[in-house]
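The structure file upload16.cif is reproduced below (mmCIF, C-alpha atoms).
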data_entry
#
loop_
_atom_site.label_atom_id
_atom_site.label_comp_id
_atom_site.auth_asym_id
_atom_site.auth_seq_id
_atom_site.Cartn_x
_atom_site.Cartn_y
_atom_site.Cartn_z
CA MET A 29 94.83 104.92 80.14
CA ASN A 30 96.79 104.62 83.34
CA ALA A 31 97.68 108.28 83.69
CA LEU A 32 96.95 109.75 87.10
CA PRO A 33 93.44 111.09 87.36
CA HIS A 34 93.09 114.87 87.18
CA LEU A 35 91.02 115.28 90.36
CA ALA A 36 93.70 113.69 92.51
CA SER A 37 96.62 114.36 94.79
CA ALA A 38 100.15 113.63 93.59
CA THR A 39 99.82 110.11 95.02
CA GLY A 40 96.56 109.45 93.20
CA GLY A 41 94.48 110.00 96.34
CA LEU A 42 91.81 112.60 96.93
CA PRO A 43 93.08 116.15 96.34
CA SER A 44 94.00 118.15 99.43
CA SER A 45 91.85 121.15 100.30
CA VAL A 46 94.50 123.43 98.83
CA ARG A 47 94.57 121.42 95.61
CA TRP A 48 90.75 121.33 95.40
CA ALA A 49 90.76 125.13 95.53
CA GLN A 50 93.14 125.24 92.58
CA LEU A 51 91.19 122.62 90.62
CA ILE A 52 87.93 124.52 91.06
CA LEU A 53 89.46 127.87 90.12
CA GLU A 54 91.60 126.78 87.17
CA ASP A 55 88.51 125.17 85.68
CA ARG A 56 86.64 128.48 85.81
CA LEU A 57 89.21 131.21 85.22
CA ARG A 58 89.67 132.47 81.68
CA PRO A 59 92.35 134.63 80.02
CA GLY A 60 91.64 138.28 80.79
CA ASP A 61 89.98 137.60 84.15
CA VAL A 62 90.84 139.48 87.33
CA ALA A 63 91.74 137.53 90.48
CA ILE A 64 92.86 138.26 94.03
CA ASP A 65 95.33 136.34 96.18
CA ALA A 66 94.34 137.54 99.63
CA THR A 67 97.23 135.74 101.33
CA MET A 68 100.29 136.11 99.12
CA GLY A 69 102.72 134.17 101.30
CA ASN A 70 105.54 132.95 99.10
CA GLY A 71 103.56 133.73 95.98
CA HIS A 72 102.64 130.22 94.85
CA ASP A 73 98.95 131.03 94.54
CA THR A 74 99.67 134.46 93.05
CA LEU A 75 101.61 132.71 90.31
CA PHE A 76 98.94 130.04 89.97
CA LEU A 77 96.25 132.69 89.48
CA ALA A 78 98.42 134.69 87.05
CA ARG A 79 98.83 131.59 84.89
CA CYS A 80 95.09 131.00 84.93
CA VAL A 81 94.21 134.51 83.72
CA SER A 82 97.07 134.90 81.23
CA PRO A 83 97.13 136.54 78.76
CA GLY A 84 95.37 139.77 79.48
CA GLY A 85 94.31 139.19 83.07
CA HIS A 86 95.49 140.65 86.34
CA VAL A 87 96.11 139.46 89.90
CA PHE A 88 96.03 141.63 93.01
CA ALA A 89 97.82 140.13 96.01
CA PHE A 90 98.11 141.10 99.67
CA ASP A 91 100.48 140.39 102.53
CA VAL A 92 101.41 142.19 105.73
CA GLN A 93 104.99 140.86 105.61
CA ALA A 94 107.61 142.52 103.42
CA ALA A 95 109.34 139.14 103.06
CA ALA A 96 106.27 137.78 101.32
CA LEU A 97 106.38 140.50 98.67
CA GLU A 98 110.11 139.90 98.13
CA GLU A 99 109.59 136.18 97.62
CA THR A 100 106.57 136.67 95.40
CA ARG A 101 108.27 139.28 93.20
CA LYS A 102 110.89 136.67 92.23
CA ARG A 103 108.14 134.38 91.03
CA VAL A 104 105.43 136.30 89.26
CA PRO A 105 105.20 138.32 86.03
CA ALA A 106 105.33 141.98 87.15
CA GLU A 107 103.09 143.28 84.38
CA MET A 108 100.22 140.99 85.39
CA THR A 109 100.35 141.45 89.13
CA THR A 110 99.93 144.18 91.73
CA LEU A 111 101.45 143.25 95.09
CA PHE A 112 100.13 145.20 98.07
CA HIS A 113 102.14 145.39 101.26
CA GLY A 114 99.19 145.45 103.63
CA GLY A 115 96.40 143.39 105.14
CA HIS A 116 93.73 141.82 102.98
CA GLU A 117 91.17 143.82 104.96
CA THR A 118 92.31 146.84 102.92
CA MET A 119 91.18 145.15 99.70
CA CYS A 120 88.28 147.50 98.90
CA GLU A 121 90.34 150.56 99.63
CA ARG A 122 93.42 149.55 97.65
CA ILE A 123 92.03 147.84 94.59
CA PRO A 124 90.83 150.44 92.08
CA ALA A 125 87.05 150.92 92.08
CA GLU A 126 86.76 149.88 88.42
CA TYR A 127 87.50 146.28 89.49
CA HIS A 128 84.97 146.11 92.31
CA GLY A 129 82.29 143.55 91.51
CA ARG A 130 84.36 142.31 88.55
CA VAL A 131 86.71 139.81 90.19
CA SER A 132 86.39 136.18 89.02
CA ALA A 133 88.31 134.41 91.78
CA ILE A 134 89.64 135.18 95.24
CA MET A 135 91.87 132.83 97.25
CA PHE A 136 92.45 132.87 101.00
CA ASN A 137 95.04 130.47 102.34
CA LEU A 138 95.07 131.20 106.06
CA GLY A 139 97.73 130.53 108.63
CA TYR A 140 101.36 131.63 108.62
CA LEU A 141 103.97 132.32 105.96
CA PRO A 142 105.96 129.08 105.49
CA GLY A 143 109.53 129.43 106.62
CA SER A 144 108.87 132.62 108.55
CA ASP A 145 107.85 133.84 111.98
CA LYS A 146 104.94 131.63 113.06
CA SER A 147 103.72 134.29 115.46
CA CYS A 148 102.67 136.28 112.40
CA ILE A 149 99.42 134.50 111.61
CA THR A 150 96.16 135.65 110.12
CA HIS A 151 93.75 137.02 112.71
CA THR A 152 90.10 136.16 112.77
CA GLN A 153 88.76 139.70 112.95
CA THR A 154 90.77 140.97 110.00
CA THR A 155 90.06 137.74 108.10
CA LEU A 156 86.32 138.22 108.55
CA ALA A 157 86.56 141.88 107.53
CA ALA A 158 88.48 140.82 104.41
CA LEU A 159 85.95 138.09 103.58
CA GLU A 160 83.10 140.61 103.76
CA GLN A 161 84.95 142.78 101.28
CA ALA A 162 85.88 139.81 99.12
CA ILE A 163 82.29 138.73 98.47
CA GLU A 164 81.51 142.24 97.28
CA MET A 165 84.58 142.34 95.04
CA LEU A 166 83.44 139.12 93.30
CA ARG A 167 81.55 139.32 90.04
CA PRO A 168 78.32 137.33 89.74
CA GLY A 169 79.50 133.81 88.95
CA GLY A 170 82.83 134.40 90.69
CA VAL A 171 84.25 132.03 93.30
CA LEU A 172 85.98 132.62 96.63
CA THR A 173 88.00 129.82 98.24
CA ILE A 174 89.25 129.72 101.83
CA ALA A 175 91.75 127.14 103.08
CA VAL A 176 91.70 126.98 106.88
CA TYR A 177 94.31 125.23 109.05
CA PRO A 178 92.64 124.04 112.24
CA GLY A 179 95.93 122.43 113.30
CA HIS A 180 97.71 125.80 113.62
CA GLU A 181 97.62 127.90 116.75
CA GLY A 182 94.43 129.93 116.55
CA GLY A 183 93.35 127.94 113.50
CA ALA A 184 90.55 126.00 115.18
CA GLU A 185 88.97 129.20 116.47
CA GLU A 186 89.42 130.84 113.06
CA GLY A 187 87.74 127.81 111.48
CA ARG A 188 84.73 128.08 113.80
CA GLU A 189 84.30 131.77 113.04
CA ILE A 190 84.50 131.18 109.32
CA ALA A 191 81.91 128.41 109.65
CA LYS A 192 79.54 130.86 111.36
CA TRP A 193 80.20 133.50 108.74
CA ALA A 194 79.63 131.06 105.88
CA ALA A 195 76.39 129.73 107.38
CA GLN A 196 74.80 133.17 107.51
CA LEU A 197 75.52 134.14 103.90
CA ASP A 198 72.33 134.92 101.96
CA SER A 199 71.49 131.74 100.04
CA ARG A 200 69.96 133.79 97.22
CA ARG A 201 73.29 135.51 96.62
CA PHE A 202 75.77 132.78 97.51
CA GLU A 203 76.20 129.01 97.33
CA VAL A 204 78.64 127.69 99.91
CA GLN A 205 80.30 124.30 100.30
CA HIS A 206 82.57 122.99 103.02
CA LEU A 207 85.08 120.22 102.40
CA ARG A 208 87.03 118.54 105.15
CA PRO A 209 89.37 115.57 105.40
CA VAL A 210 87.96 113.17 107.94
CA ASN A 211 89.92 110.28 109.41
CA ARG A 212 93.20 112.06 110.18
CA SER A 213 94.91 112.36 113.55
CA ALA A 214 96.42 115.75 112.67
CA ALA A 215 94.05 118.51 111.61
CA PRO A 216 94.71 119.01 107.89
CA PRO A 217 93.39 122.07 106.04
CA GLU A 218 89.70 122.38 105.30
CA LEU A 219 88.19 124.20 102.35
CA TRP A 220 85.30 126.61 102.05
CA ALA A 221 84.11 127.52 98.56
CA VAL A 222 81.67 130.39 97.96
CA TRP A 223 80.03 130.91 94.59
CA LYS A 224 78.30 134.23 93.92
CA THR A 225 75.10 133.36 92.11
CA ALA A 226 74.66 134.46 88.53
CA PRO A 227 71.77 134.10 86.10
CA ALA A 228 72.19 130.98 83.93
CA LYS A 229 73.53 131.80 80.47
CA LYS A 230 72.73 128.64 78.60
CA SER A 231 71.17 125.23 78.80
CA PRO A 232 72.78 122.58 80.99
CA ALA A 233 76.00 121.01 79.72
CA ALA A 234 75.50 117.68 78.02
CA GLY A 235 76.06 114.78 80.35
CA ASN A 236 74.96 116.59 83.50
CA SER A 237 72.44 114.53 85.41
CA PRO A 238 69.62 115.81 87.58
CA GLU A 239 71.30 117.51 90.50
CA SER A 240 69.15 116.92 93.48
CA LEU A 241 67.43 113.59 93.12
CA PRO A 242 68.43 110.34 94.75
CA SER A 243 69.24 107.78 92.09
CA MET B 20 86.12 130.64 76.27
CA ASN B 21 82.72 131.19 77.80
CA ALA B 22 81.65 127.57 77.94
CA LEU B 23 80.35 126.43 81.31
CA PRO B 24 83.11 125.20 83.59
CA HIS B 25 83.40 121.43 83.96
CA LEU B 26 83.35 121.36 87.77
CA ALA B 27 79.97 123.06 87.94
CA SER B 28 76.27 122.52 88.29
CA ALA B 29 73.99 123.05 85.30
CA THR B 30 73.58 126.69 86.36
CA GLY B 31 77.33 127.28 86.59
CA GLY B 32 77.32 127.06 90.39
CA LEU B 33 79.19 124.58 92.56
CA PRO B 34 78.36 120.96 91.69
CA SER B 35 75.82 119.22 93.92
CA SER B 36 77.06 116.36 96.09
CA VAL B 37 75.59 113.89 93.61
CA ARG B 38 77.36 115.61 90.73
CA TRP B 39 80.66 115.79 92.65
CA ALA B 40 80.48 112.01 93.08
CA GLN B 41 80.11 111.59 89.33
CA LEU B 42 82.89 114.07 88.55
CA ILE B 43 85.31 112.30 90.88
CA LEU B 44 84.47 108.84 89.54
CA GLU B 45 84.32 109.61 85.81
CA ASP B 46 87.77 111.16 86.13
CA ARG B 47 89.16 107.92 87.56
CA LEU B 48 87.27 105.10 85.91
CA ARG B 49 88.80 103.53 82.83
CA PRO B 50 87.42 101.16 80.15
CA GLY B 51 87.47 97.62 81.50
CA ASP B 52 87.03 98.63 85.14
CA VAL B 53 84.52 97.03 87.47
CA ALA B 54 82.08 99.21 89.43
CA ILE B 55 79.17 98.77 91.83
CA ASP B 56 75.99 100.81 92.08
CA ALA B 57 74.89 99.94 95.61
CA THR B 58 71.60 101.81 95.26
CA MET B 59 70.24 101.18 91.79
CA GLY B 60 67.07 103.28 92.10
CA ASN B 61 65.96 104.21 88.61
CA GLY B 62 69.32 103.21 87.18
CA HIS B 63 70.80 106.62 86.43
CA ASP B 64 74.03 105.86 88.27
CA THR B 65 74.14 102.30 86.94
CA LEU B 66 74.07 103.76 83.44
CA PHE B 67 76.57 106.45 84.41
CA LEU B 68 79.01 103.82 85.70
CA ALA B 69 78.47 101.58 82.66
CA ARG B 70 79.40 104.47 80.37
CA CYS B 71 82.54 105.15 82.41
CA VAL B 72 83.82 101.57 82.19
CA SER B 73 82.80 100.90 78.59
CA PRO B 74 84.07 99.05 76.64
CA GLY B 75 85.05 95.93 78.49
CA GLY B 76 83.96 96.85 81.99
CA HIS B 77 81.14 95.65 84.19
CA VAL B 78 78.71 97.14 86.70
CA PHE B 79 77.00 95.26 89.52
CA ALA B 80 73.90 96.97 90.90
CA PHE B 81 71.61 96.32 93.87
CA ASP B 82 68.10 97.24 94.87
CA VAL B 83 65.50 95.71 97.18
CA GLN B 84 62.62 96.93 95.01
CA ALA B 85 61.57 95.03 91.90
CA ALA B 86 60.42 98.32 90.36
CA ALA B 87 64.00 99.60 90.47
CA LEU B 88 65.25 96.64 88.45
CA GLU B 89 62.47 97.11 85.90
CA GLU B 90 63.30 100.79 85.43
CA THR B 91 67.02 100.16 85.31
CA ARG B 92 66.71 97.34 82.76
CA LYS B 93 65.16 99.79 80.30
CA ARG B 94 68.17 102.03 80.59
CA VAL B 95 71.36 100.02 80.79
CA PRO B 96 73.24 97.71 78.39
CA ALA B 97 72.42 94.17 79.57
CA GLU B 98 75.79 92.69 78.62
CA MET B 99 77.69 95.13 80.83
CA THR B 100 75.52 94.98 83.90
CA THR B 101 74.37 92.52 86.53
CA LEU B 102 71.27 93.69 88.40
CA PHE B 103 70.69 92.05 91.78
CA HIS B 104 67.26 92.10 93.36
CA GLY B 105 68.42 92.32 96.96
CA GLY B 106 69.96 94.59 99.55
CA HIS B 107 73.45 96.00 99.10
CA GLU B 108 74.44 94.25 102.33
CA THR B 109 74.52 91.03 100.28
CA MET B 110 77.28 92.46 98.06
CA CYS B 111 80.06 90.14 99.19
CA GLU B 112 77.86 87.10 98.95
CA ARG B 113 76.39 87.82 95.52
CA ILE B 114 79.29 89.31 93.58
CA PRO B 115 81.61 86.52 92.38
CA ALA B 116 84.76 86.15 94.50
CA GLU B 117 87.04 86.87 91.54
CA TYR B 118 85.93 90.53 91.70
CA HIS B 119 86.50 91.00 95.42
CA GLY B 120 89.23 93.56 96.00
CA ARG B 121 89.18 94.49 92.31
CA VAL B 122 86.38 97.05 92.14
CA SER B 123 87.40 100.56 91.05
CA ALA B 124 84.33 102.53 92.12
CA ILE B 125 81.29 102.03 94.34
CA MET B 126 78.40 104.49 94.57
CA PHE B 127 75.86 104.74 97.38
CA ASN B 128 73.03 107.20 96.85
CA LEU B 129 70.94 106.80 99.98
CA GLY B 130 67.32 107.66 100.60
CA TYR B 131 64.28 106.49 98.70
CA LEU B 132 63.51 105.49 95.13
CA PRO B 133 62.23 108.64 93.35
CA GLY B 134 58.59 108.34 92.37
CA SER B 135 58.00 105.32 94.60
CA ASP B 136 56.93 104.44 98.11
CA LYS B 137 58.84 106.79 100.41
CA SER B 138 58.43 104.38 103.31
CA CYS B 139 60.96 102.16 101.54
CA ILE B 140 64.15 103.94 102.53
CA THR B 141 67.65 102.72 103.16
CA HIS B 142 68.20 101.65 106.75
CA THR B 143 71.26 102.60 108.72
CA GLN B 144 72.17 99.13 109.94
CA THR B 145 72.08 97.54 106.49
CA THR B 146 73.81 100.59 105.02
CA LEU B 147 76.69 100.26 107.49
CA ALA B 148 76.93 96.53 106.84
CA ALA B 149 77.07 97.24 103.10
CA LEU B 150 79.72 99.96 103.55
CA GLU B 151 81.93 97.54 105.50
CA GLN B 152 81.69 95.11 102.61
CA ALA B 153 82.18 97.85 100.04
CA ILE B 154 85.56 98.96 101.38
CA GLU B 155 86.77 95.38 101.13
CA MET B 156 85.43 95.00 97.59
CA LEU B 157 87.43 98.08 96.47
CA ARG B 158 90.79 97.64 94.81
CA PRO B 159 93.71 99.69 96.16
CA GLY B 160 93.27 103.10 94.55
CA GLY B 161 89.51 102.58 94.23
CA VAL B 162 86.95 105.12 95.40
CA LEU B 163 83.66 104.78 97.28
CA THR B 164 81.17 107.66 97.25
CA ILE B 165 78.16 108.04 99.55
CA ALA B 166 75.46 110.66 98.99
CA VAL B 167 73.42 111.14 102.16
CA TYR B 168 70.10 113.03 102.37
CA PRO B 169 69.78 114.55 105.84
CA GLY B 170 66.49 116.19 104.77
CA HIS B 171 64.72 112.83 104.33
CA GLU B 172 63.02 111.00 107.15
CA GLY B 173 65.74 109.06 108.94
CA GLY B 174 68.39 110.78 106.83
CA ALA B 175 69.85 112.92 109.59
CA GLU B 176 70.37 109.89 111.82
CA GLU B 177 71.82 107.94 108.88
CA GLY B 178 74.17 110.87 108.23
CA ARG B 179 75.42 110.87 111.83
CA GLU B 180 76.06 107.12 111.77
CA ILE B 181 77.97 107.39 108.51
CA ALA B 182 80.02 110.25 109.96
CA LYS B 183 81.00 108.01 112.90
CA TRP B 184 81.81 105.13 110.59
CA ALA B 185 83.93 107.33 108.31
CA ALA B 186 85.85 108.88 111.22
CA GLN B 187 87.00 105.49 112.50
CA LEU B 188 88.37 104.19 109.20
CA ASP B 189 92.07 103.33 109.41
CA SER B 190 93.91 106.35 107.99
CA ARG B 191 96.68 104.10 106.65
CA ARG B 192 94.19 102.24 104.50
CA PHE B 193 91.70 104.96 103.62
CA GLU B 194 91.54 108.69 102.92
CA VAL B 195 88.13 110.17 103.60
CA GLN B 196 86.63 113.54 102.72
CA HIS B 197 83.27 115.03 103.61
CA LEU B 198 81.59 117.67 101.48
CA ARG B 199 78.48 119.53 102.56
CA PRO B 200 76.48 122.43 101.21
CA VAL B 201 76.32 125.09 103.89
CA ASN B 202 73.95 128.04 103.76
CA ARG B 203 70.74 126.25 102.75
CA SER B 204 67.45 126.22 104.61
CA ALA B 205 66.59 122.74 103.37
CA ALA B 206 69.08 119.95 104.03
CA PRO B 207 70.58 119.10 100.65
CA PRO B 208 72.60 115.92 100.10
CA GLU B 209 76.08 115.65 101.54
CA LEU B 210 78.91 113.62 100.08
CA TRP B 211 81.43 111.25 101.63
CA ALA B 212 84.31 110.08 99.46
CA VAL B 213 86.59 107.23 100.55
CA TRP B 214 89.80 106.44 98.70
CA LYS B 215 91.50 103.13 99.38
CA THR B 216 95.19 103.92 99.55
CA ALA B 217 97.53 102.52 96.94
CA PRO B 218 101.29 102.74 96.50
CA ALA B 219 102.24 105.65 94.21
CA LYS B 220 103.01 104.47 90.67
CA LYS B 221 104.81 107.46 89.29
CA SER B 222 106.16 110.89 90.07
CA PRO B 223 103.69 113.70 90.79
CA ALA B 224 101.78 115.01 87.79
CA ALA B 225 103.23 118.18 86.33
CA GLY B 226 101.50 121.27 87.60
CA ASN B 227 100.60 119.83 90.98
CA SER B 228 101.65 122.15 93.76
CA PRO B 229 102.80 121.18 97.23
CA GLU B 230 99.76 119.67 98.87
CA SER B 231 99.92 120.61 102.47
CA LEU B 232 101.63 123.94 102.81
CA PRO B 233 99.98 127.28 103.32
CA SER B 234 100.91 129.58 100.43
#
Rewritten as C-alpha cells:
Amino acid sequence: MNALPHLASATGGLPSSVRWAQLILEDRLRPGDVAIDATMGNGHDTLFLARCVSPGGHVFAFDVQAAALEETRKRVPAEMTTLFHGGHETMCERIPAEYHGRVSAIMFNLGYLPGSDKSCITHTQTTLAALEQAIEMLRPGGVLTIAVYPGHEGGAEEGREIAKWAAQLDSRRFEVQHLRPVNRSAAPPELWAVWKTAPAKKSPAAGNSPESLPS
Amino acid sequence: MNALPHLASATGGLPSSVRWAQLILEDRLRPGDVAIDATMGNGHDTLFLARCVSPGGHVFAFDVQAAALEETRKRVPAEMTTLFHGGHETMCERIPAEYHGRVSAIMFNLGYLPGSDKSCITHTQTTLAALEQAIEMLRPGGVLTIAVYPGHEGGAEEGREIAKWAAQLDSRRFEVQHLRPVNRSAAPPELWAVWKTAPAKKSPAAGNSPESLPS
C-alpha cells in the first residue's frame, strides 16, 4: 500500500523530464521492437532501451565521441546493439534501409557527455537535422523523446529552436507535448515527446474517460 | 503484447492533459485517502477520485451550479462523498478542520460545465484564492492537478495567471510541472501538476535511473 508510486521520482516527487521519457517509452516498447538512442553518452539509455526491447529487439546508438562508445560497450549486450561512432545526423545513412519507418522509439538526451569535455556539446543545426531524420525513421505509433538542458551553455538557444521545430510539425502526422519543471531557480531539463499518429487498432481501453471535455 | 499502452490516449497517442492528471493521481492514491474535486461539473472526476480512494476514503467536491450537484449525485457513492454547493474558494471554510493538511489529491478542471450555460465559467480571482487554499489542504507528498482550457473564453488569461502563480511557489515546499500540447491549431487543455514535498521514506525504487544527468 505504501510503496512508492510508479510515476514518481526516487523521492516520491514528480518524475524528472529524463525519467518521464523512460516511463513513456518503457510503457510502449515491446520485445522485438527496434529503438534508437540518438545520444549514447555513457550508454545508460542505450541499456534502458535494450532492456525494453529484449528479447529479439535491437538498439542503434550514436555518439561523436569515442569515449562514449567505450563506456557504452561495457554496459550493453553486444548482440542487441549497434553502436555508431558518428553524429546522430547520419542516422538515415547509417541505419539499414529495412529499419526506416519501423522504429518504435527514439531518445535524444541533449547536452554534453557527463564526466567529459563540456566543450563537446550537441549543436542545434545537427540536432535539428537529426530530428528531421528521426521522425521519418519512426513507425506509425512510434514515439520520439527529447530531453533539453536549458541550463547548459547553448542549451537555452537549442531549446528555443526545438520549440520552433516542434510547433511546425504537421498535426495530422504528429502529436507533440512539452513538459517543463516550473518553480526552479536552476534550469532543469525539459521534455518534448512526439508521437507519430497511427490508425486506432481497437476500442478505447476500459477506464479511459473522455479526453477533451472539462469535468 | 499488443495491448494499448497504459500511458496513452484511447487512440494510442499521448494522453490528454485531463488523462495525464488521472494517470498521475490514480498511481498515487490509496484506499482510505482523502481527495478533493474542486470543480465537480458532471461528477466524472468526483467518481474517478472516489474509485481511487475506495474503500475507506472520502471525496469532497465543489460546484457553484445546482445542476452539477444533481448530475454528480446520480453518479457517485453517497457514503464516500460530500458535495458542496458553493465555490471552491470556500474549501478551507467548508471542509472540516481535521482534514486540513491531510488531503492526498486535489483536482481542478477549469472552464465551464459541459452541456450547460457557458457564461458560467470559473473566474481567475476565485480560482487563485481556491488554489492558495488547496496547497494548504494538501498533505506532504500530496498532488494538486489543474487542467486549464486556453481555448475557452477567459481561458487564456486564466492560464497566464495560473502560470504566474505556479512560478512563484516556494521550490522548497512544492515541485511544479507544466505540460502542454504543442502543434495544435485549437488550444487544447494544458496541465499543471503541483507536488507538496515530503521527506523521502525509503531508498530509491529499483530501476530508477539517475534523475538529473544527461545520458
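Atom CA of His119 of chain B sits 7.2 Å away from atom CA of Glu155 of chain B.
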Give me the residues near Asp56 of chain B as a ChimeraX atom specification, where near means some atom within 8 Å (using all atoms listed in the file) and where sequence neighbours in that chain fewer than 4 positions away do not count.
/B:64-65,68,78-81,125-127
Coordinates-based distance that separates atom CA of Val176 of chain A from atom CA of Gly115 of chain A (Å, one decimal)
17.2 Å
Could you please determine the separation between atom CA of Glu194 of chain B and atom CA of Ala124 of chain B in Å, to one decimal place?
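Going from atom CA of Glu194 of chain B over to atom CA of Ala124 of chain B, I get 14.4 Å.
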For the structure provided, state which residues fall under the PyMOL selection byres ((chain A and resi 201) around 9), and present them as a PyMOL selection string.
chain A and resi 168+197-200+202-203+223-226
Shell around Thr109 of chain B at 10 Å using all atoms listed in the file, local window under 5 positions removed, as a PyMOL selection string:
chain B and resi 81+103+114+145+148-149+152
Residue among B:Ser123, B:Asn128, B:Asn202, B:Asn61 lying closest to Lys192 of chain A, counting only C-alpha atoms
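Residue with the minimum atom-to-atom distance to Lys192 of chain A: B:Asn202.
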For this structure, which residues satisfy the selection - the PyMOL selection byres ((chain B and resi 25) around 8) - when it is evaluated on the file as given? I want them as JSON, numbers by chain.
{"A": [55, 56], "B": [23, 24, 26, 27]}
From the list B:Pro50, B:Gly60, B:Tyr168, B:Glu180, which residue is nearest chain A when using only C-alpha atoms?
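With only C-alpha atoms as the atom set, the closest residue is B:Gly60.
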Shortest interatomic distance to Val131 of chain A - which of A:Arg58, A:Leu42, A:Leu51, A:Ala215, counting only C-alpha atoms
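That would be A:Arg58, the residue with the smallest distance to Val131 of chain A.
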Counting all atoms listed in the file, which residues have an atom no more than 9 Å from (86.8, 101.0, 77.0) in the file's coordinates? Please list them as a ChimeraX atom specification.
/B:49-52,70-76
From the set A:Ile64, A:Ala125, A:Val210, A:Leu97, which residue has the shortest atom-to-atom contact distance to chain B, counting all atoms listed in the file?
A:Val210
Restricting the calculation to all atoms listed in the file, which member of A:Leu207, A:Ala221, A:Ala162, A:Ala63 is positioned closest to Pro43 of chain A?
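Checking each of A:Leu207, A:Ala221, A:Ala162, A:Ala63 against Pro43 of chain A, counting all atoms listed in the file, the winner is A:Leu207.
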Spatial neighbours of Glu176 of chain B, 12 Å, all atoms listed in the file, chain gap at least 4 places, as JSON, numbers by chain:
{"B": [130, 141, 142, 143, 144, 167, 168, 169, 170, 171, 172, 180, 181, 182, 183]}
I need every residue sitting at most 12 Å from the point (77.0, 116.1, 92.9) (coordinates as in the file, all atoms listed in the file considered), written as a ChimeraX atom specification.
/A:205,236-243 /B:26-29,32-44,64,126,128,164-167,198-200,207-212
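Here the question is which of A:Thr155, A:Ser213, A:Thr67, A:Gln196 gets nearest to Gln93 of chain A using only C-alpha atoms, and that residue is A:Thr67.
Once the PyMOL selection byres ((chain A and resi 98) around 12) is applied to the shown structure, the selection contains Met68, Gly69, Asn70, Gly71, Asp91, Val92, Gln93, Ala94, Ala95, Ala96, Leu97, Glu99, Thr100, Arg101, Lys102, Arg103, Val104, Leu111, Phe112 and His113 of chain A.
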